[in-house]
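Below is run.csv, which holds CSV, C-alpha atoms.
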```csv
chain,number,residue,atom,x,y,z
A,234,MET,CA,46.4,-43.5,88.0
A,235,PRO,CA,50.1,-42.7,88.6
A,236,HIS,CA,51.0,-41.1,91.9
A,237,ILE,CA,51.6,-37.3,91.6
A,238,PRO,CA,54.4,-36.2,93.9
A,239,LEU,CA,53.3,-33.7,96.5
A,240,LYS,CA,55.8,-31.1,95.3
A,241,TYR,CA,53.8,-30.9,92.0
A,242,ALA,CA,50.3,-30.8,93.4
A,243,PRO,CA,50.3,-27.2,94.6
A,244,GLN,CA,51.2,-26.0,91.0
A,245,LEU,CA,48.4,-28.0,89.5
A,246,ILE,CA,45.9,-26.8,92.1
A,247,TRP,CA,47.1,-23.2,91.8
A,248,HIS,CA,46.8,-23.0,88.0
A,249,GLY,CA,43.5,-24.8,88.1
A,250,THR,CA,42.2,-22.3,90.7
A,251,ARG,CA,43.5,-19.3,88.8
A,252,ASN,CA,42.2,-20.4,85.4
A,253,PHE,CA,38.8,-21.3,87.0
A,254,PHE,CA,38.3,-17.7,88.2
A,255,SER,CA,40.0,-15.9,85.4
A,256,GLY,CA,38.1,-17.5,82.5
A,257,ARG,CA,41.1,-19.3,81.2
A,258,PRO,CA,40.7,-23.0,80.1
A,259,VAL,CA,41.2,-25.7,82.7
A,260,VAL,CA,41.7,-28.2,79.9
A,261,ILE,CA,43.0,-27.7,76.4
A,262,SER,CA,42.6,-30.5,73.9
A,263,PHE,CA,45.2,-30.4,71.1
A,264,GLU,CA,44.0,-32.1,67.9
A,265,THR,CA,47.5,-33.0,66.8
A,266,THR,CA,46.2,-34.2,63.5
A,267,LEU,CA,42.9,-35.0,61.8
A,268,SER,CA,44.5,-37.9,60.0
A,269,CYS,CA,43.2,-41.2,61.3
A,270,ASN,CA,43.8,-44.9,60.6
A,271,ALA,CA,40.3,-45.7,61.6
A,272,ASN,CA,36.8,-44.9,60.3
A,273,CYS,CA,34.7,-45.2,63.4
A,274,ARG,CA,31.0,-45.5,63.0
A,275,HIS,CA,30.3,-42.8,65.5
A,276,CYS,CA,32.8,-40.3,64.2
A,277,ASP,CA,33.2,-37.9,61.3
A,278,ILE,CA,37.1,-38.1,61.1
A,279,GLU,CA,38.6,-40.7,58.8
A,280,GLY,CA,41.5,-41.3,56.5
A,281,HIS,CA,45.0,-39.8,56.0
A,282,ARG,CA,45.4,-36.1,55.2
A,283,PRO,CA,48.9,-35.9,53.7
A,284,ASP,CA,48.5,-32.1,52.9
A,285,GLU,CA,47.3,-31.2,56.4
A,286,GLU,CA,48.8,-28.0,57.8
A,287,ARG,CA,50.3,-28.8,61.2
A,288,MET,CA,51.9,-26.8,64.0
A,289,ARG,CA,55.5,-27.6,64.7
A,290,PRO,CA,56.2,-28.8,68.3
A,291,GLU,CA,57.2,-25.4,69.4
A,292,GLY,CA,53.8,-24.1,68.4
A,293,PHE,CA,52.2,-26.2,71.1
A,294,ARG,CA,54.4,-24.6,73.7
A,295,ARG,CA,53.0,-21.2,72.9
A,296,PHE,CA,49.6,-22.2,74.2
A,297,ILE,CA,51.1,-23.7,77.4
A,298,ASP,CA,53.0,-20.5,78.1
A,299,GLN,CA,49.9,-18.3,77.4
A,300,PHE,CA,47.3,-20.3,79.4
A,301,HIS,CA,49.1,-22.6,81.8
A,302,PRO,CA,46.3,-25.2,81.6
A,303,PRO,CA,46.7,-27.8,84.4
A,304,VAL,CA,45.5,-30.6,82.0
A,305,ILE,CA,46.0,-31.1,78.3
A,306,GLN,CA,44.9,-33.8,75.9
A,307,LEU,CA,46.9,-34.8,72.8
A,308,SER,CA,44.2,-36.3,70.5
A,309,GLY,CA,43.3,-36.5,66.9
A,310,GLY,CA,42.4,-38.1,64.5
A,311,GLU,CA,45.1,-40.5,65.7
A,312,PRO,CA,48.0,-38.7,67.3
A,313,LEU,CA,50.4,-41.7,66.9
A,314,LEU,CA,50.4,-41.0,63.1
A,315,ARG,CA,52.6,-37.9,63.8
A,316,ASP,CA,56.2,-38.8,63.5
A,317,ASP,CA,57.2,-35.9,65.7
A,318,LEU,CA,54.7,-36.6,68.5
A,319,LEU,CA,57.5,-37.3,71.0
A,320,ASP,CA,58.8,-33.8,70.3
A,321,VAL,CA,55.3,-32.4,70.8
A,322,VAL,CA,55.1,-34.0,74.3
A,323,ARG,CA,58.6,-32.7,75.2
A,324,ALA,CA,57.6,-29.2,74.0
A,325,VAL,CA,54.5,-28.9,76.2
A,326,LYS,CA,56.0,-30.1,79.5
A,327,LEU,CA,57.1,-27.6,82.1
A,328,ASN,CA,57.9,-30.3,84.6
A,329,PRO,CA,57.1,-34.1,84.8
A,330,PHE,CA,53.5,-33.4,86.0
A,331,PHE,CA,52.6,-30.0,84.6
A,332,PRO,CA,50.6,-29.8,82.5
A,333,TYR,CA,49.1,-33.2,83.3
A,334,THR,CA,49.3,-34.7,79.8
A,335,ILE,CA,46.8,-37.3,78.4
A,336,LEU,CA,47.5,-39.1,75.1
A,337,VAL,CA,44.2,-40.2,73.5
A,338,SER,CA,44.6,-43.0,71.0
A,339,ASN,CA,42.7,-46.0,69.4
A,340,GLY,CA,45.7,-48.1,70.3
A,341,ALA,CA,46.3,-49.7,67.0
A,342,LEU,CA,49.8,-48.3,66.7
A,343,MET,CA,50.7,-48.6,70.4
A,344,THR,CA,53.6,-50.9,71.4
A,345,LEU,CA,55.4,-51.4,74.7
A,346,GLU,CA,58.4,-49.6,73.3
A,347,ARG,CA,56.4,-46.6,72.3
A,348,TYR,CA,54.5,-46.5,75.6
A,349,ARG,CA,57.9,-46.4,77.4
A,350,ALA,CA,59.2,-43.6,75.2
A,351,PHE,CA,56.1,-41.5,75.7
A,352,ARG,CA,56.2,-42.0,79.4
A,353,GLU,CA,59.8,-40.9,79.4
A,354,ALA,CA,58.9,-37.8,77.3
A,355,GLY,CA,56.1,-36.8,79.8
A,356,VAL,CA,52.8,-38.4,79.0
A,357,ASN,CA,51.0,-39.0,82.4
A,358,GLN,CA,48.0,-40.9,81.1
A,359,PHE,CA,47.2,-43.1,78.1
A,360,SER,CA,43.5,-43.1,77.1
A,361,ILE,CA,42.7,-45.9,74.7
A,362,SER,CA,39.2,-46.4,73.2
A,363,LEU,CA,37.3,-49.7,73.6
A,364,ASP,CA,33.8,-50.1,72.2
A,365,PHE,CA,33.3,-53.8,72.4
A,366,PRO,CA,34.9,-56.7,74.5
A,367,ASP,CA,35.7,-58.7,71.3
A,368,SER,CA,36.3,-58.5,67.6
A,369,ARG,CA,33.1,-56.4,67.1
A,370,HIS,CA,35.4,-53.6,68.1
A,371,ASP,CA,37.3,-54.1,64.8
A,372,ASP,CA,34.1,-53.7,62.8
A,373,PHE,CA,33.0,-50.6,64.8
A,374,ARG,CA,36.3,-48.8,64.1
A,375,LEU,CA,37.0,-50.5,60.8
A,376,ILE,CA,40.5,-51.6,61.8
A,377,PRO,CA,40.9,-55.3,61.1
A,378,GLY,CA,42.5,-57.1,64.1
A,379,LEU,CA,42.3,-54.1,66.4
A,380,TYR,CA,40.8,-56.0,69.3
A,381,ASP,CA,43.5,-58.7,69.2
A,382,ILE,CA,46.2,-55.9,69.2
A,383,LEU,CA,44.7,-54.4,72.3
A,384,ASP,CA,44.3,-57.8,73.9
A,385,GLU,CA,48.0,-58.3,73.5
A,386,VAL,CA,49.4,-54.9,74.2
A,387,ILE,CA,47.2,-53.5,77.0
A,388,PRO,CA,48.2,-56.2,79.5
A,389,GLN,CA,51.8,-55.5,78.6
A,390,LEU,CA,51.4,-51.8,79.4
A,391,ALA,CA,49.5,-52.6,82.6
A,392,ALA,CA,52.3,-55.0,83.7
A,393,GLU,CA,54.7,-52.1,83.8
A,394,GLY,CA,52.9,-51.1,87.0
A,395,HIS,CA,52.4,-47.4,86.5
A,396,GLY,CA,48.6,-47.4,86.6
A,397,ASP,CA,48.4,-44.9,83.8
A,398,VAL,CA,46.3,-46.7,81.2
A,399,VAL,CA,42.6,-45.9,81.1
A,400,LEU,CA,40.2,-47.4,78.6
A,401,ASN,CA,37.4,-45.1,77.3
A,402,THR,CA,34.1,-46.5,76.3
A,403,ALA,CA,31.6,-44.2,74.6
A,404,ILE,CA,28.2,-45.7,75.4
A,405,THR,CA,26.0,-46.2,72.3
A,406,SER,CA,22.9,-48.2,71.3
A,407,ALA,CA,25.3,-50.7,69.7
A,408,ASN,CA,27.3,-51.5,72.9
A,409,VAL,CA,24.9,-50.7,75.7
A,410,GLY,CA,24.3,-54.4,76.4
A,411,GLU,CA,28.0,-55.1,76.6
A,412,LEU,CA,29.1,-52.6,79.3
A,413,GLU,CA,29.4,-55.3,82.0
A,414,HIS,CA,31.6,-57.4,79.7
A,415,ILE,CA,33.7,-54.3,78.9
A,416,ILE,CA,34.3,-53.7,82.6
A,417,GLN,CA,35.3,-57.3,83.0
A,418,THR,CA,37.7,-56.9,80.1
A,419,ALA,CA,39.3,-53.9,81.8
A,420,ASP,CA,39.7,-56.0,84.9
A,421,ARG,CA,41.3,-58.9,83.0
A,422,TRP,CA,43.7,-56.5,81.3
A,423,GLY,CA,44.5,-54.8,84.6
A,424,VAL,CA,43.6,-51.3,83.7
A,425,CYS,CA,40.9,-48.7,84.6
A,426,LEU,CA,37.9,-47.7,82.5
A,427,SER,CA,36.1,-44.4,82.0
A,428,PHE,CA,32.6,-44.2,80.4
A,429,SER,CA,31.5,-41.3,78.1
A,430,ILE,CA,28.3,-40.9,76.2
A,431,TYR,CA,27.6,-40.8,72.4
A,432,THR,CA,26.3,-37.6,70.9
A,433,PRO,CA,24.8,-37.3,67.4
A,434,LEU,CA,26.3,-33.8,67.1
A,435,ARG,CA,29.4,-35.1,65.3
A,436,THR,CA,27.7,-37.2,62.6
A,437,ARG,CA,24.0,-36.3,62.9
A,438,ASN,CA,23.4,-40.1,63.1
A,439,LEU,CA,20.6,-40.9,65.6
A,440,GLU,CA,21.1,-44.6,65.2
A,441,TYR,CA,23.6,-44.8,68.1
A,442,VAL,CA,21.6,-42.8,70.6
A,443,VAL,CA,20.6,-44.9,73.6
A,444,SER,CA,16.8,-44.3,73.9
A,445,LYS,CA,15.1,-47.6,74.9
A,446,ALA,CA,13.7,-47.4,78.4
A,447,GLU,CA,15.1,-50.9,79.3
A,448,ASP,CA,18.6,-49.8,78.2
A,449,LEU,CA,18.4,-46.6,80.2
A,450,ASP,CA,17.3,-48.5,83.3
A,451,ALA,CA,20.0,-51.1,82.9
A,452,VAL,CA,22.7,-48.4,82.6
A,453,GLU,CA,21.4,-46.6,85.7
A,454,GLN,CA,21.6,-49.9,87.6
A,455,LEU,CA,25.1,-50.5,86.3
A,456,PHE,CA,26.2,-47.0,87.4
A,457,ALA,CA,24.8,-47.6,90.9
A,458,ARG,CA,27.1,-50.7,91.1
A,459,CYS,CA,30.0,-48.6,89.8
A,460,LYS,CA,29.5,-46.0,92.6
A,461,ARG,CA,29.9,-48.7,95.3
A,462,ARG,CA,33.4,-49.4,94.0
A,463,GLN,CA,33.4,-53.0,94.8
A,464,GLY,CA,34.9,-55.9,92.9
A,465,VAL,CA,35.4,-55.3,89.2
A,466,TYR,CA,33.5,-52.0,89.4
A,467,ARG,CA,36.5,-50.5,91.1
A,468,ARG,CA,38.0,-50.3,87.6
A,469,VAL,CA,35.5,-47.6,86.7
A,470,VAL,CA,37.0,-44.2,87.5
A,471,ASN,CA,34.1,-41.9,86.7
A,472,SER,CA,33.2,-39.7,89.7
A,473,HIS,CA,29.6,-40.0,91.1
A,474,TYR,CA,28.9,-36.5,89.7
A,475,ASN,CA,30.1,-37.6,86.2
A,476,LEU,CA,28.0,-40.8,86.2
A,477,ASP,CA,24.9,-38.8,87.3
A,478,GLY,CA,25.6,-36.3,84.5
A,479,ILE,CA,25.9,-39.0,81.9
A,480,MET,CA,22.6,-40.5,83.1
A,481,ARG,CA,20.9,-37.2,82.9
A,482,PHE,CA,22.1,-36.6,79.4
A,483,MET,CA,20.9,-40.1,78.3
A,484,ARG,CA,17.4,-39.4,79.6
A,485,GLU,CA,17.0,-35.8,78.6
A,486,GLY,CA,19.3,-35.5,75.5
A,487,ASN,CA,20.4,-32.1,76.5
A,488,ILE,CA,22.4,-30.4,79.3
A,489,PRO,CA,22.4,-26.5,79.0
A,490,ASN,CA,25.0,-24.0,80.0
A,491,CYS,CA,28.0,-25.4,78.2
A,492,SER,CA,31.3,-23.6,79.0
A,493,ALA,CA,33.0,-24.5,75.7
A,494,GLY,CA,35.6,-21.8,74.9
A,495,ILE,CA,36.0,-20.8,78.5
A,496,ARG,CA,36.6,-23.8,80.8
A,497,PHE,CA,37.9,-25.9,77.9
A,498,MET,CA,38.8,-25.4,74.3
A,499,VAL,CA,40.3,-27.2,71.3
A,500,VAL,CA,43.4,-26.3,69.4
A,501,ARG,CA,43.3,-27.5,65.8
A,502,PRO,CA,46.3,-29.0,64.0
A,503,GLU,CA,47.2,-25.7,62.3
A,504,GLY,CA,46.7,-23.7,65.5
A,505,ASN,CA,43.2,-22.2,65.1
A,506,LEU,CA,41.0,-22.4,68.2
A,507,ASN,CA,37.6,-24.1,68.4
A,508,PRO,CA,35.2,-24.0,71.3
A,509,CYS,CA,35.0,-27.8,71.2
A,510,SER,CA,35.5,-30.6,68.7
A,511,LEU,CA,31.8,-30.5,67.8
A,512,GLN,CA,31.7,-26.8,67.1
A,513,ARG,CA,34.1,-26.2,64.1
A,514,ILE,CA,34.1,-22.4,64.3
A,515,ASN,CA,37.7,-21.0,64.0
A,516,PHE,CA,39.0,-18.2,66.2
A,517,ASP,CA,42.4,-16.7,66.5
A,518,THR,CA,42.2,-15.8,70.3
A,519,GLN,CA,40.4,-17.2,73.3
A,520,ASP,CA,39.1,-13.7,74.2
A,521,ARG,CA,37.4,-13.4,70.9
A,522,MET,CA,36.0,-16.9,71.1
A,523,ALA,CA,34.6,-16.2,74.6
A,524,ARG,CA,32.9,-12.9,73.4
A,525,GLU,CA,31.6,-14.1,70.1
A,526,PHE,CA,30.7,-17.7,70.8
A,527,SER,CA,30.7,-18.7,74.5
A,528,ALA,CA,28.7,-15.6,75.7
A,529,HIS,CA,25.9,-16.6,73.4
A,530,ASN,CA,26.2,-20.4,73.3
A,531,THR,CA,22.9,-22.3,73.7
A,532,CYS,CA,24.2,-25.7,72.8
A,533,GLY,CA,23.6,-28.5,75.3
A,534,GLY,CA,23.9,-31.4,72.8
A,535,CYS,CA,26.8,-33.3,74.4
A,536,TYR,CA,28.2,-34.5,77.7
A,537,VAL,CA,31.6,-35.6,76.6
A,538,SER,CA,34.2,-36.1,79.3
A,539,ILE,CA,36.2,-32.9,78.6
A,540,ARG,CA,33.0,-30.9,79.3
A,541,SER,CA,31.7,-32.9,82.2
A,542,TYR,CA,34.8,-32.8,84.4
A,543,VAL,CA,35.1,-29.0,84.3
A,544,GLU,CA,31.5,-27.9,84.6
A,545,ILE,CA,31.3,-28.2,88.3
A,546,SER,CA,31.5,-25.8,91.2
A,547,PHE,CA,34.9,-24.6,92.4
A,548,ALA,CA,34.7,-26.8,95.5
A,549,GLN,CA,33.9,-29.9,93.4
A,550,LEU,CA,36.7,-29.0,91.0
A,551,LEU,CA,39.2,-28.6,93.8
A,552,TRP,CA,38.2,-32.0,95.2
A,553,GLU,CA,38.5,-33.6,91.7
A,554,ASN,CA,42.0,-32.1,91.4
A,555,ILE,CA,43.1,-33.3,94.7
A,556,SER,CA,41.7,-36.8,94.2
A,557,MET,CA,43.0,-36.9,90.6
A,558,ARG,CA,39.7,-37.9,89.2
A,559,VAL,CA,39.7,-34.9,86.9
A,560,PHE,CA,42.6,-36.4,85.2
A,561,ASN,CA,40.6,-39.5,84.1
A,562,GLN,CA,38.7,-37.4,81.5
A,563,ASN,CA,38.7,-38.4,77.6
A,564,SER,CA,37.3,-37.5,74.2
A,565,GLN,CA,34.8,-39.4,72.7
```
Show me the file's structure as structure tokens.
Amino acid sequence: MPHIPLKYAPQLIWHGTRNFFSGRPVVISFETTLSCNANCRHCDIEGHRPDEERMRPEGFRRFIDQFHPPVIQLSGGEPLLRDDLLDVVRAVKLNPFFPYTILVSNGALMTLERYRAFREAGVNQFSISLDFPDSRHDDFRLIPGLYDILDEVIPQLAAEGHGDVVLNTAITSANVGELEHIIQTADRWGVCLSFSIYTPLRTRNLEYVVSKAEDLDAVEQLFARCKRRQGVYRRVVNSHYNLDGIMRFMREGNIPNCSAGIRFMVVRPEGNLNPCSLQRINFDTQDRMAREFSAHNTCGGCYVSIRSYVEISFAQLLWENISMRVFNQNSQ
């Protein structure tokens, strides 16, 4: 995690505090495009969308000026498919660390040169997905050679020494037995790792739900080792609270009282608002979304990172902001 200069910390904490109590989002996820160069088995987004309506870079700035979110995600689809993504990054930045900007990518199009350019433009964290510690990752995302690309590029990015690359692993029934090896891969590449948990809300596919008792027990034991922060487990950046929440969701399959549309929200490529990426209900304002959706929301069918890191008490949120753990959140 890159060091955040002290002069920027009060601004992040102030806006996080203000938004927390005023009902404004603490995190906004911008779906920069729904085009994607992958066809992941646990996702419903695939293929290129040449006729997609997209906001111009200045359209993104409108949401920053309105909400002043302390944290934003630039996601997709695959955001690196946008030729003007550097302009989008420049448009959303008020200063080098506000809003704290996370680029979420599958990494297939990442190069050292692009990494440097996006850092210069204002990206503070690069979140790159990893489902398997070998070529099975290619099959899961249907991008031939993807693992070999990451195996070459990620160590190059890590060698730059900024500590701003975080792998994201969505735990599924397919990779639940590989989590130790994935941690070891992160350690070998010299980067951090964040776990999230698969939900069938996106595809309605129950095949990837982790349900076997022995798998649940194994994950719980792994998380206990991660909490001790020793050896390779120091690479895992999930907070204790977050790991406990993932474990609860895996065992119960539901966590109520979701704050989608209030604490966090999604901006679609054309500029419409969604409560989250799993609730494709369009709104033109956050106030309307809060009244018509959030006030009546009974969904508890996910525990993705963007939710888990903002649904905590104010004291916990303040601590997460100060310790910078809140900035290690990703989309499934």
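Distances to Gly486 (chain A) were evaluated for A:Ile382, A:Val499, A:Cys269, A:Cys532 using all atoms listed in the file, and the minimum falls at A:Cys532.
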(message) What's the separation between CA of Leu412 (chain A) and CA of Phe428 (chain A), in Å to one decimal place?
(response) 9.2 Å
(request) Could you tell me which of A:Gly355, A:Pro243, A:Gly394, A:Gly280 comes closest to Arg323 (chain A) if we count all atoms listed in the file? (result) A:Gly355
(request) Kindly indicate which residue among A:Asp298, A:Glu447, A:Glu264, A:Asp320 lies nearest to Val500 (chain A), using all atoms listed in the file for the distances. (result) A:Glu264
(message) With only C-alpha atoms as the counted atoms, please give the residues lying no more than 12 Å from Arg496 (chain A), apart from itself and same-chain residues fewer than 6 positions off, as an MDAnalysis selection string.
(response) chainID A and resid 249:262 300 302:304 490 508:509 519 522:523 527 539:547 550
(message) With distances taken over all atoms listed in the file, which residue among A:Glu440, A:Glu279, A:Asp477, A:Asp364 lies nearest Ser406 (chain A)?
(response) A:Glu440
(message) Just the number, please: distance in Å from CA of Val398 (chain A) to CA of Leu345 (chain A), one decimal.
(response)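 According to the coordinates, CA of Val398 (chain A) and CA of Leu345 (chain A) are separated by 12.1 Å.
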(request) Determine, counting only C-alpha atoms, which protein, DNA and RNA residues have an atom within 10 Å of an atom of Gly478 (chain A); residues of the same chain fewer than 6 positions away are not included. Present the result as number ranges by chain. (result) A: 430, 472, 488, 536-537, 541-542
(message) List as a PyMOL selection string the protein and nucleic acid residues near Leu379 (chain A), meaning an atom at most 9 Å away when all atoms listed in the file are counted, but skip any in the same chain fewer than 4 places from it.
(response) chain A and resi 339-341+368+370-372+374-375+383-384
Do you know which residues are at most 10 Å from region 415-424 of chain A counting only C-alpha atoms, after dropping those on the same chain fewer than 4 positions away, and could you put them as an mmCIF file with C-alpha atoms, in the coordinates of the input?
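Saved to out.cif:
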```
data_model
loop_
_atom_site.group_PDB
_atom_site.id
_atom_site.type_symbol
_atom_site.label_atom_id
_atom_site.label_comp_id
_atom_site.auth_asym_id
_atom_site.auth_seq_id
_atom_site.Cartn_x
_atom_site.Cartn_y
_atom_site.Cartn_z
ATOM 1 C CA MET A 234 46.400 -43.500 88.000
ATOM 2 C CA LEU A 363 37.300 -49.700 73.600
ATOM 3 C CA ASP A 364 33.800 -50.100 72.200
ATOM 4 C CA PHE A 365 33.300 -53.800 72.400
ATOM 5 C CA PRO A 366 34.900 -56.700 74.500
ATOM 6 C CA ASP A 367 35.700 -58.700 71.300
ATOM 7 C CA LEU A 383 44.700 -54.400 72.300
ATOM 8 C CA ASP A 384 44.300 -57.800 73.900
ATOM 9 C CA GLU A 385 48.000 -58.300 73.500
ATOM 10 C CA VAL A 386 49.400 -54.900 74.200
ATOM 11 C CA ILE A 387 47.200 -53.500 77.000
ATOM 12 C CA PRO A 388 48.200 -56.200 79.500
ATOM 13 C CA GLN A 389 51.800 -55.500 78.600
ATOM 14 C CA LEU A 390 51.400 -51.800 79.400
ATOM 15 C CA ALA A 391 49.500 -52.600 82.600
ATOM 16 C CA ALA A 392 52.300 -55.000 83.700
ATOM 17 C CA GLY A 394 52.900 -51.100 87.000
ATOM 18 C CA GLY A 396 48.600 -47.400 86.600
ATOM 19 C CA ASP A 397 48.400 -44.900 83.800
ATOM 20 C CA VAL A 398 46.300 -46.700 81.200
ATOM 21 C CA VAL A 399 42.600 -45.900 81.100
ATOM 22 C CA LEU A 400 40.200 -47.400 78.600
ATOM 23 C CA THR A 402 34.100 -46.500 76.300
ATOM 24 C CA ASN A 408 27.300 -51.500 72.900
ATOM 25 C CA GLY A 410 24.300 -54.400 76.400
ATOM 26 C CA GLU A 411 28.000 -55.100 76.600
ATOM 27 C CA PHE A 428 32.600 -44.200 80.400
ATOM 28 C CA CYS A 459 30.000 -48.600 89.800
ATOM 29 C CA GLY A 464 34.900 -55.900 92.900
ATOM 30 C CA VAL A 465 35.400 -55.300 89.200
ATOM 31 C CA TYR A 466 33.500 -52.000 89.400
ATOM 32 C CA ARG A 467 36.500 -50.500 91.100
ATOM 33 C CA ARG A 468 38.000 -50.300 87.600
ATOM 34 C CA VAL A 469 35.500 -47.600 86.700
#
```
(request) Tell me which of A:Phe263, A:Tyr333, A:Tyr431, A:Tyr241 sits closest to Cys276 (chain A), counting all atoms listed in the file. (result)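 Looking at the shortest contact to Cys276 (chain A), the residue is A:Tyr431.
The nearest approach to Val321 (chain A) among the residues A:Ala451, A:Leu342, A:Ala354, A:Ile278, with only C-alpha atoms taken into account, belongs to A:Ala354.
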(request) To one decimal in Å, tell me the separation between CA of Asp448 (chain A) and CA of Glu413 (chain A). (result)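 Value for the CA of Asp448 (chain A)-CA of Glu413 (chain A) distance: 12.7 Å.
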(message) I'd like the contact shell of Asp317 (chain A) - 12 Å cut-off, only C-alpha atoms, skipping same-chain residues fewer than 3 positions apart - returned as a ChimeraX atom specification.
(response) /A:265-266,287-291,312-314,320-324,351,354
